[in-house]
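This is target_28.pdb (PDB, C-alpha atoms and all ligand atoms).
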```
ATOM      1  CA  MET A   1     185.076 -82.026  73.622
ATOM      2  CA  ASP A   2     183.471 -80.794  70.384
ATOM      3  CA  THR A   3     180.011 -79.328  70.621
ATOM      4  CA  ILE A   4     177.110 -79.867  68.254
ATOM      5  CA  ASN A   5     174.324 -77.524  67.257
ATOM      6  CA  VAL A   6     170.842 -78.609  68.379
ATOM      7  CA  ARG A   7     167.735 -76.965  66.931
ATOM      8  CA  LEU A   8     164.296 -77.678  68.296
ATOM      9  CA  ILE A   9     160.826 -76.262  68.464
ATOM     10  CA  VAL A  10     160.025 -75.971  72.173
ATOM     11  CA  ASN A  11     156.509 -74.996  73.175
ATOM     12  CA  GLY A  12     155.951 -73.584  69.706
ATOM     13  CA  THR A  13     159.120 -71.480  69.641
ATOM     14  CA  PRO A  14     162.281 -72.282  67.660
ATOM     15  CA  ARG A  15     165.190 -72.766  70.071
ATOM     16  CA  GLU A  16     168.805 -73.551  69.437
ATOM     17  CA  GLY A  17     171.948 -74.280  71.396
ATOM     18  CA  ARG A  18     175.316 -75.973  71.254
ATOM     19  CA  CYS A  19     176.194 -78.869  73.502
ATOM     20  CA  GLU A  20     178.419 -81.878  73.833
ATOM     21  CA  PRO A  21     177.051 -84.959  72.058
ATOM     22  CA  ARG A  22     176.717 -86.749  75.403
ATOM     23  CA  LYS A  23     174.473 -84.108  76.976
ATOM     24  CA  LEU A  24     171.100 -85.403  78.141
ATOM     25  CA  LEU A  25     168.012 -83.739  76.719
ATOM     26  CA  VAL A  26     166.739 -82.855  80.187
ATOM     27  CA  ASP A  27     170.022 -81.127  81.030
ATOM     28  CA  PHE A  28     169.961 -79.282  77.702
ATOM     29  CA  LEU A  29     166.445 -78.024  78.454
ATOM     30  CA  ARG A  30     167.327 -76.948  81.970
ATOM     31  CA  GLU A  31     170.868 -75.662  81.572
ATOM     32  CA  ASP A  32     171.066 -74.444  77.983
ATOM     33  CA  LEU A  33     167.500 -73.309  77.336
ATOM     34  CA  GLY A  34     166.674 -72.234  80.899
ATOM     35  CA  LEU A  35     163.536 -74.386  81.026
ATOM     36  CA  THR A  36     163.837 -75.668  84.567
ATOM     37  CA  GLY A  37     160.217 -76.802  84.849
ATOM     38  CA  THR A  38     161.198 -80.286  83.719
ATOM     39  CA  HIS A  39     162.520 -82.060  86.790
ATOM     40  CA  VAL A  40     165.300 -84.600  87.132
ATOM     41  CA  GLY A  41     164.780 -87.422  89.593
ATOM     42  CA  CYS A  42     166.388 -90.794  89.054
ATOM     43  CA  GLU A  43     168.251 -89.885  85.847
ATOM     44  CA  HIS A  44     167.894 -93.393  84.509
ATOM     45  CA  GLY A  45     164.394 -93.694  83.131
ATOM     46  CA  VAL A  46     162.570 -95.020  86.181
ATOM     47  CA  CYS A  47     160.701 -92.226  87.978
ATOM     48  CA  GLY A  48     159.120 -90.322  85.066
ATOM     49  CA  ALA A  49     159.773 -86.887  86.604
ATOM     50  CA  CYS A  50     161.512 -85.749  83.411
ATOM     51  CA  THR A  51     158.644 -86.708  81.078
ATOM     52  CA  ILE A  52     157.977 -84.272  78.227
ATOM     53  CA  LEU A  53     156.287 -84.599  74.832
ATOM     54  CA  VAL A  54     158.587 -85.262  71.887
ATOM     55  CA  ASN A  55     156.755 -84.982  68.575
ATOM     56  CA  GLY A  56     153.503 -85.383  70.481
ATOM     57  CA  GLU A  57     154.432 -88.463  72.483
ATOM     58  CA  ALA A  58     155.493 -88.768  76.105
ATOM     59  CA  ALA A  59     159.216 -89.403  76.449
ATOM     60  CA  ARG A  60     161.711 -89.436  79.301
ATOM     61  CA  SER A  61     164.125 -86.661  78.661
ATOM     62  CA  CYS A  62     166.768 -88.178  80.967
ATOM     63  CA  ILE A  63     167.312 -91.139  78.688
ATOM     64  CA  MET A  64     167.493 -89.154  75.462
ATOM     65  CA  LEU A  65     170.443 -87.173  74.278
ATOM     66  CA  ALA A  66     169.855 -83.598  73.216
ATOM     67  CA  VAL A  67     171.346 -84.395  69.803
ATOM     68  CA  GLN A  68     168.777 -87.176  69.335
ATOM     69  CA  ALA A  69     166.018 -84.599  69.680
ATOM     70  CA  ASP A  70     167.510 -82.308  67.042
ATOM     71  CA  GLY A  71     164.712 -81.186  64.696
ATOM     72  CA  SER A  72     161.934 -82.362  67.032
ATOM     73  CA  GLU A  73     158.971 -80.532  68.484
ATOM     74  CA  LEU A  74     158.879 -80.597  72.262
ATOM     75  CA  VAL A  75     156.301 -79.626  74.824
ATOM     76  CA  THR A  76     157.410 -79.011  78.390
ATOM     77  CA  VAL A  77     155.394 -77.910  81.395
ATOM     78  CA  GLU A  78     156.216 -74.292  80.564
ATOM     79  CA  GLY A  79     154.158 -74.684  77.384
ATOM     80  CA  LEU A  80     150.891 -75.706  79.034
ATOM     81  CA  ALA A  81     149.515 -72.421  80.375
ATOM     82  CA  ARG A  82     148.311 -69.935  77.755
ATOM     83  CA  ASP A  83     147.812 -66.188  78.067
ATOM     84  CA  GLY A  84     148.248 -66.346  81.829
ATOM     85  CA  ARG A  85     145.647 -69.098  82.205
ATOM     86  CA  LEU A  86     146.423 -72.589  83.436
ATOM     87  CA  HIS A  87     145.851 -75.480  81.051
ATOM     88  CA  PRO A  88     142.623 -77.351  81.954
ATOM     89  CA  LEU A  89     144.708 -80.266  83.204
ATOM     90  CA  GLN A  90     146.730 -77.965  85.466
ATOM     91  CA  GLU A  91     143.478 -76.423  86.656
ATOM     92  CA  ALA A  92     142.137 -79.888  87.489
ATOM     93  CA  PHE A  93     145.337 -80.767  89.393
ATOM     94  CA  ARG A  94     144.912 -77.603  91.450
ATOM     95  CA  GLU A  95     141.226 -78.232  92.025
ATOM     96  CA  HIS A  96     141.624 -81.882  93.049
ATOM     97  CA  HIS A  97     144.737 -81.535  95.236
ATOM     98  CA  ALA A  98     146.749 -83.646  92.810
ATOM     99  CA  LEU A  99     150.085 -82.333  94.023
ATOM    100  CA  GLN A 100     151.915 -81.749  97.247
ATOM    101  CA  CYS A 101     155.649 -81.145  96.828
ATOM    102  CA  GLY A 102     155.160 -80.816  93.066
ATOM    103  CA  PHE A 103     158.309 -82.679  92.129
ATOM    104  CA  CYS A 104     156.512 -85.263  90.004
ATOM    105  CA  THR A 105     153.942 -82.801  88.677
ATOM    106  CA  PRO A 106     155.547 -81.595  85.411
ATOM    107  CA  GLY A 107     156.173 -85.173  84.297
ATOM    108  CA  MET A 108     152.776 -86.291  85.543
ATOM    109  CA  LEU A 109     151.020 -83.537  83.576
ATOM    110  CA  LEU A 110     152.765 -84.329  80.311
ATOM    111  CA  ALA A 111     152.252 -88.068  80.769
ATOM    112  CA  ALA A 112     148.569 -87.405  81.519
ATOM    113  CA  LEU A 113     148.184 -85.246  78.409
ATOM    114  CA  ASP A 114     149.607 -87.980  76.227
ATOM    115  CA  PHE A 115     147.423 -90.557  77.997
ATOM    116  CA  LEU A 116     144.232 -88.505  77.532
ATOM    117  CA  LYS A 117     144.956 -88.120  73.841
ATOM    118  CA  MET A 118     144.794 -91.898  73.498
ATOM    119  CA  HIS A 119     142.086 -92.427  76.146
ATOM    120  CA  PRO A 120     139.729 -89.444  75.953
ATOM    121  CA  ASP A 121     137.165 -91.051  78.266
ATOM    122  CA  PRO A 122     139.221 -93.194  80.621
ATOM    123  CA  THR A 123     138.148 -95.378  83.515
ATOM    124  CA  GLU A 124     139.881 -95.034  86.874
ATOM    125  CA  SER A 125     141.842 -98.233  86.334
ATOM    126  CA  GLN A 126     142.977 -97.074  82.879
ATOM    127  CA  ILE A 127     144.205 -93.829  84.440
ATOM    128  CA  ARG A 128     146.085 -95.701  87.144
ATOM    129  CA  GLU A 129     147.701 -97.982  84.599
ATOM    130  CA  GLY A 130     148.333 -95.192  82.095
ATOM    131  CA  LEU A 131     150.156 -93.055  84.629
ATOM    132  CA  SER A 132     151.950 -95.882  86.397
ATOM    133  CA  ALA A 133     155.214 -94.904  84.728
ATOM    134  CA  VAL A 134     155.393 -91.678  86.744
ATOM    135  CA  LEU A 135     156.085 -92.035  90.447
ATOM    136  CA  CYS A 136     154.621 -89.741  93.080
ATOM    137  CA  ARG A 137     155.933 -90.003  96.629
ATOM    138  CA  CYS A 138     153.393 -87.641  98.188
ATOM    139  CA  THR A 139     149.803 -87.840  97.062
ATOM    140  CA  GLY A 140     148.845 -91.503  97.179
ATOM    141  CA  TYR A 141     147.697 -90.964  93.573
ATOM    142  CA  GLN A 142     143.959 -90.571  94.330
ATOM    143  CA  GLY A 143     143.993 -86.814  93.761
ATOM    144  CA  ILE A 144     145.900 -87.294  90.510
ATOM    145  CA  VAL A 145     143.399 -89.893  89.291
ATOM    146  CA  ASN A 146     140.503 -87.579  90.216
ATOM    147  CA  ALA A 147     142.127 -84.662  88.405
ATOM    148  CA  VAL A 148     142.741 -86.620  85.209
ATOM    149  CA  LYS A 149     139.171 -87.946  85.289
ATOM    150  CA  ALA A 150     137.831 -84.408  85.754
ATOM    151  CA  ALA A 151     140.006 -82.953  82.984
ATOM    152  CA  ALA A 152     139.014 -85.604  80.418
ATOM    153  CA  PRO A 153     135.603 -84.132  79.451
ATOM    154  CA  VAL A 154     137.045 -80.607  79.400
ATOM    155  CA  LEU A 155     139.740 -81.692  76.939
ATOM    156  CA  ARG A 156     137.202 -83.636  74.869
ATOM    157  CA  ARG A 157     135.228 -80.433  74.431
ATOM    158  CA  GLY A 158     138.474 -78.822  73.249
TER     159      GLY A 158
HETATM  160  S1  LIG A 201     164.573 -88.460  85.883
HETATM  161 FE1  LIG A 201     163.983 -89.320  84.005
HETATM  162  S2  LIG A 201     162.839 -91.066  84.529
HETATM  163 FE2  LIG A 201     163.593 -90.326  86.431
HETATM  164  S1  LIG A 202     153.582 -84.346  94.620
HETATM  165 FE1  LIG A 202     155.445 -84.854  95.599
HETATM  166  S2  LIG A 202     156.226 -86.462  94.379
HETATM  167 FE2  LIG A 202     154.246 -86.121  93.572
END
```
What is this file in structure tokens?
Amino acid sequence: MDTINVRLIVNGTPREGRCEPRKLLVDFLREDLGLTGTHVGCEHGVCGACTILVNGEAARSCIMLAVQADGSELVTVEGLARDGRLHPLQEAFREHHALQCGFCTPGMLLAALDFLKMHPDPTESQIREGLSAVLCRCTGYQGIVNAVKAAAPVLRRG
């Protein structure tokens, strides 16, 4: 099958690759760009494990084609830490035991970042509702809620 050129900005860096038009964005990130931090769970838009930011908004990279993202700016979990320091949200997840196996964590972090942008001072129930699109099979969610609540004022301060 013919391949198509896909150019993106990923975590602030221009990236480019060729792939078949049917290739999923998550597979392009993992297989073509080597960014394996984005996880693949259900592969049909249900679990949220593959959530990334596309042009600043949370999106499920398993239900987008790589070619659809051509020209977009993406943020994946690899883009959160800076200069060897965890992002404040990652720090809060570590502090509040918001992960166990870690499978949901990349998607949860990106979904939480997008959520906190729209809800900078969220209540617990807003956090639960806002993150309900990402499934976690381990934590029971309380640690995740605590972490997002703790990170909110840190992110507000910038
Ligand atoms: S792997 Fe994309 S939503 Fe489950
Ligand atoms: S930490 Fe295991 S699925 Fe969330």
Q: Determine the residue set returned by the PyMOL selection byres (((chain A and resi 83-90) around 8) and not hetatm) for the present structure, and present it as a PyMOL selection string.
A: chain A and resi 80-82+91-94+109+113+147-148+151+154-155
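Computed from the coordinates, the atom S1 of ligand LIG 202 (chain A) to CA of Thr36 in chain A distance equals 16.8 Å.
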Q) Which chains and residue numbers are within 7 Å of ligand LIG 201 (chain A), counting only C-alpha atoms and all ligand atoms, if I want them as a count of residues only? A) 17
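Proximity ranking of A:Leu33, A:Met118, A:Leu53, A:Cys136 relative to ligand LIG 202 (chain A) places A:Cys136 first, based on all atoms listed in the file.
Of the listed residues A:Ala69, A:Ile9, A:Ala59, A:Ala150, the one whose atoms come nearest to Pro21 in chain A is A:Ala69, with distances taken using only C-alpha atoms.
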Q.
As a check of understanding, name the residues that the PyMOL selection byres (((not hetatm)) within 10 of (chain A and resi 202)) selects in the supplied structure, as a ChimeraX atom specification.
A. /A:41,47,49,97-108,134-141,143-144
Can I get the selected residues back with C-alpha atoms, as a short mmCIF file (atom, residue, chain, number, x, y, z; two decimals), in the frame of the given file?
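This went into result_12.cif:
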```
data_model
loop_
_atom_site.label_atom_id
_atom_site.label_comp_id
_atom_site.auth_asym_id
_atom_site.auth_seq_id
_atom_site.Cartn_x
_atom_site.Cartn_y
_atom_site.Cartn_z
CA GLY A 41 164.78 -87.42 89.59
CA CYS A 47 160.70 -92.23 87.98
CA ALA A 49 159.77 -86.89 86.60
CA HIS A 97 144.74 -81.54 95.24
CA ALA A 98 146.75 -83.65 92.81
CA LEU A 99 150.08 -82.33 94.02
CA GLN A 100 151.92 -81.75 97.25
CA CYS A 101 155.65 -81.14 96.83
CA GLY A 102 155.16 -80.82 93.07
CA PHE A 103 158.31 -82.68 92.13
CA CYS A 104 156.51 -85.26 90.00
CA THR A 105 153.94 -82.80 88.68
CA PRO A 106 155.55 -81.60 85.41
CA GLY A 107 156.17 -85.17 84.30
CA MET A 108 152.78 -86.29 85.54
CA VAL A 134 155.39 -91.68 86.74
CA LEU A 135 156.08 -92.04 90.45
CA CYS A 136 154.62 -89.74 93.08
CA ARG A 137 155.93 -90.00 96.63
CA CYS A 138 153.39 -87.64 98.19
CA THR A 139 149.80 -87.84 97.06
CA GLY A 140 148.84 -91.50 97.18
CA TYR A 141 147.70 -90.96 93.57
CA GLY A 143 143.99 -86.81 93.76
CA ILE A 144 145.90 -87.29 90.51
#
```
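Omitting Arg22 in chain A and its sequence neighbours fewer than 4 positions away, and counting only C-alpha atoms, the residues within 12 Å are Met1, Asp2, Thr3, Ile4, Arg18, Val26, Asp27, Phe28, Cys62, Ile63, Met64, Leu65, Ala66, Val67 and Gln68 of chain A.
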Could the residues in this selection be saved with C-alpha atoms as a PDB file, in the coordinates of the input?
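Dumped everything to selection-v5.pdb:
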```
ATOM      1  CA  MET A   1     185.076 -82.026  73.622  1.00  0.00           C
ATOM      2  CA  ASP A   2     183.471 -80.794  70.384  1.00  0.00           C
ATOM      3  CA  THR A   3     180.011 -79.328  70.621  1.00  0.00           C
ATOM      4  CA  ILE A   4     177.110 -79.867  68.254  1.00  0.00           C
ATOM      5  CA  ARG A  18     175.316 -75.973  71.254  1.00  0.00           C
ATOM      6  CA  VAL A  26     166.739 -82.855  80.187  1.00  0.00           C
ATOM      7  CA  ASP A  27     170.022 -81.127  81.030  1.00  0.00           C
ATOM      8  CA  PHE A  28     169.961 -79.282  77.702  1.00  0.00           C
ATOM      9  CA  CYS A  62     166.768 -88.178  80.967  1.00  0.00           C
ATOM     10  CA  ILE A  63     167.312 -91.139  78.688  1.00  0.00           C
ATOM     11  CA  MET A  64     167.493 -89.154  75.462  1.00  0.00           C
ATOM     12  CA  LEU A  65     170.443 -87.173  74.278  1.00  0.00           C
ATOM     13  CA  ALA A  66     169.855 -83.598  73.216  1.00  0.00           C
ATOM     14  CA  VAL A  67     171.346 -84.395  69.803  1.00  0.00           C
ATOM     15  CA  GLN A  68     168.777 -87.176  69.335  1.00  0.00           C
TER      16      GLN A  68
END
```
Q: Find, counting only C-alpha atoms, the residue in A:Asn146, A:Ser132, A:Ser125, A:Ser72 that gets nearest to Glu16 in chain A.
A: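 Using only C-alpha atoms, Glu16 in chain A sits closest to A:Ser72.
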Q: List the neighbours of Gly79 in chain A out to 9 Å using only C-alpha atoms; skip same-chain residues closer than 6 positions along the sequence, and give me the result as a ChimeraX atom specification.
A: /A:10-12
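Comparing A:Glu57, A:Glu124, A:Glu20, A:Asp70 by their smallest distance to Val145 in chain A, the closest is A:Glu124 (using all atoms listed in the file).
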Q: Point out the residue among A:Val77, A:Lys117, A:Arg30, A:Gly71 with the least atom-to-atom distance to Pro14 in chain A, counting only C-alpha atoms.
A: A:Gly71
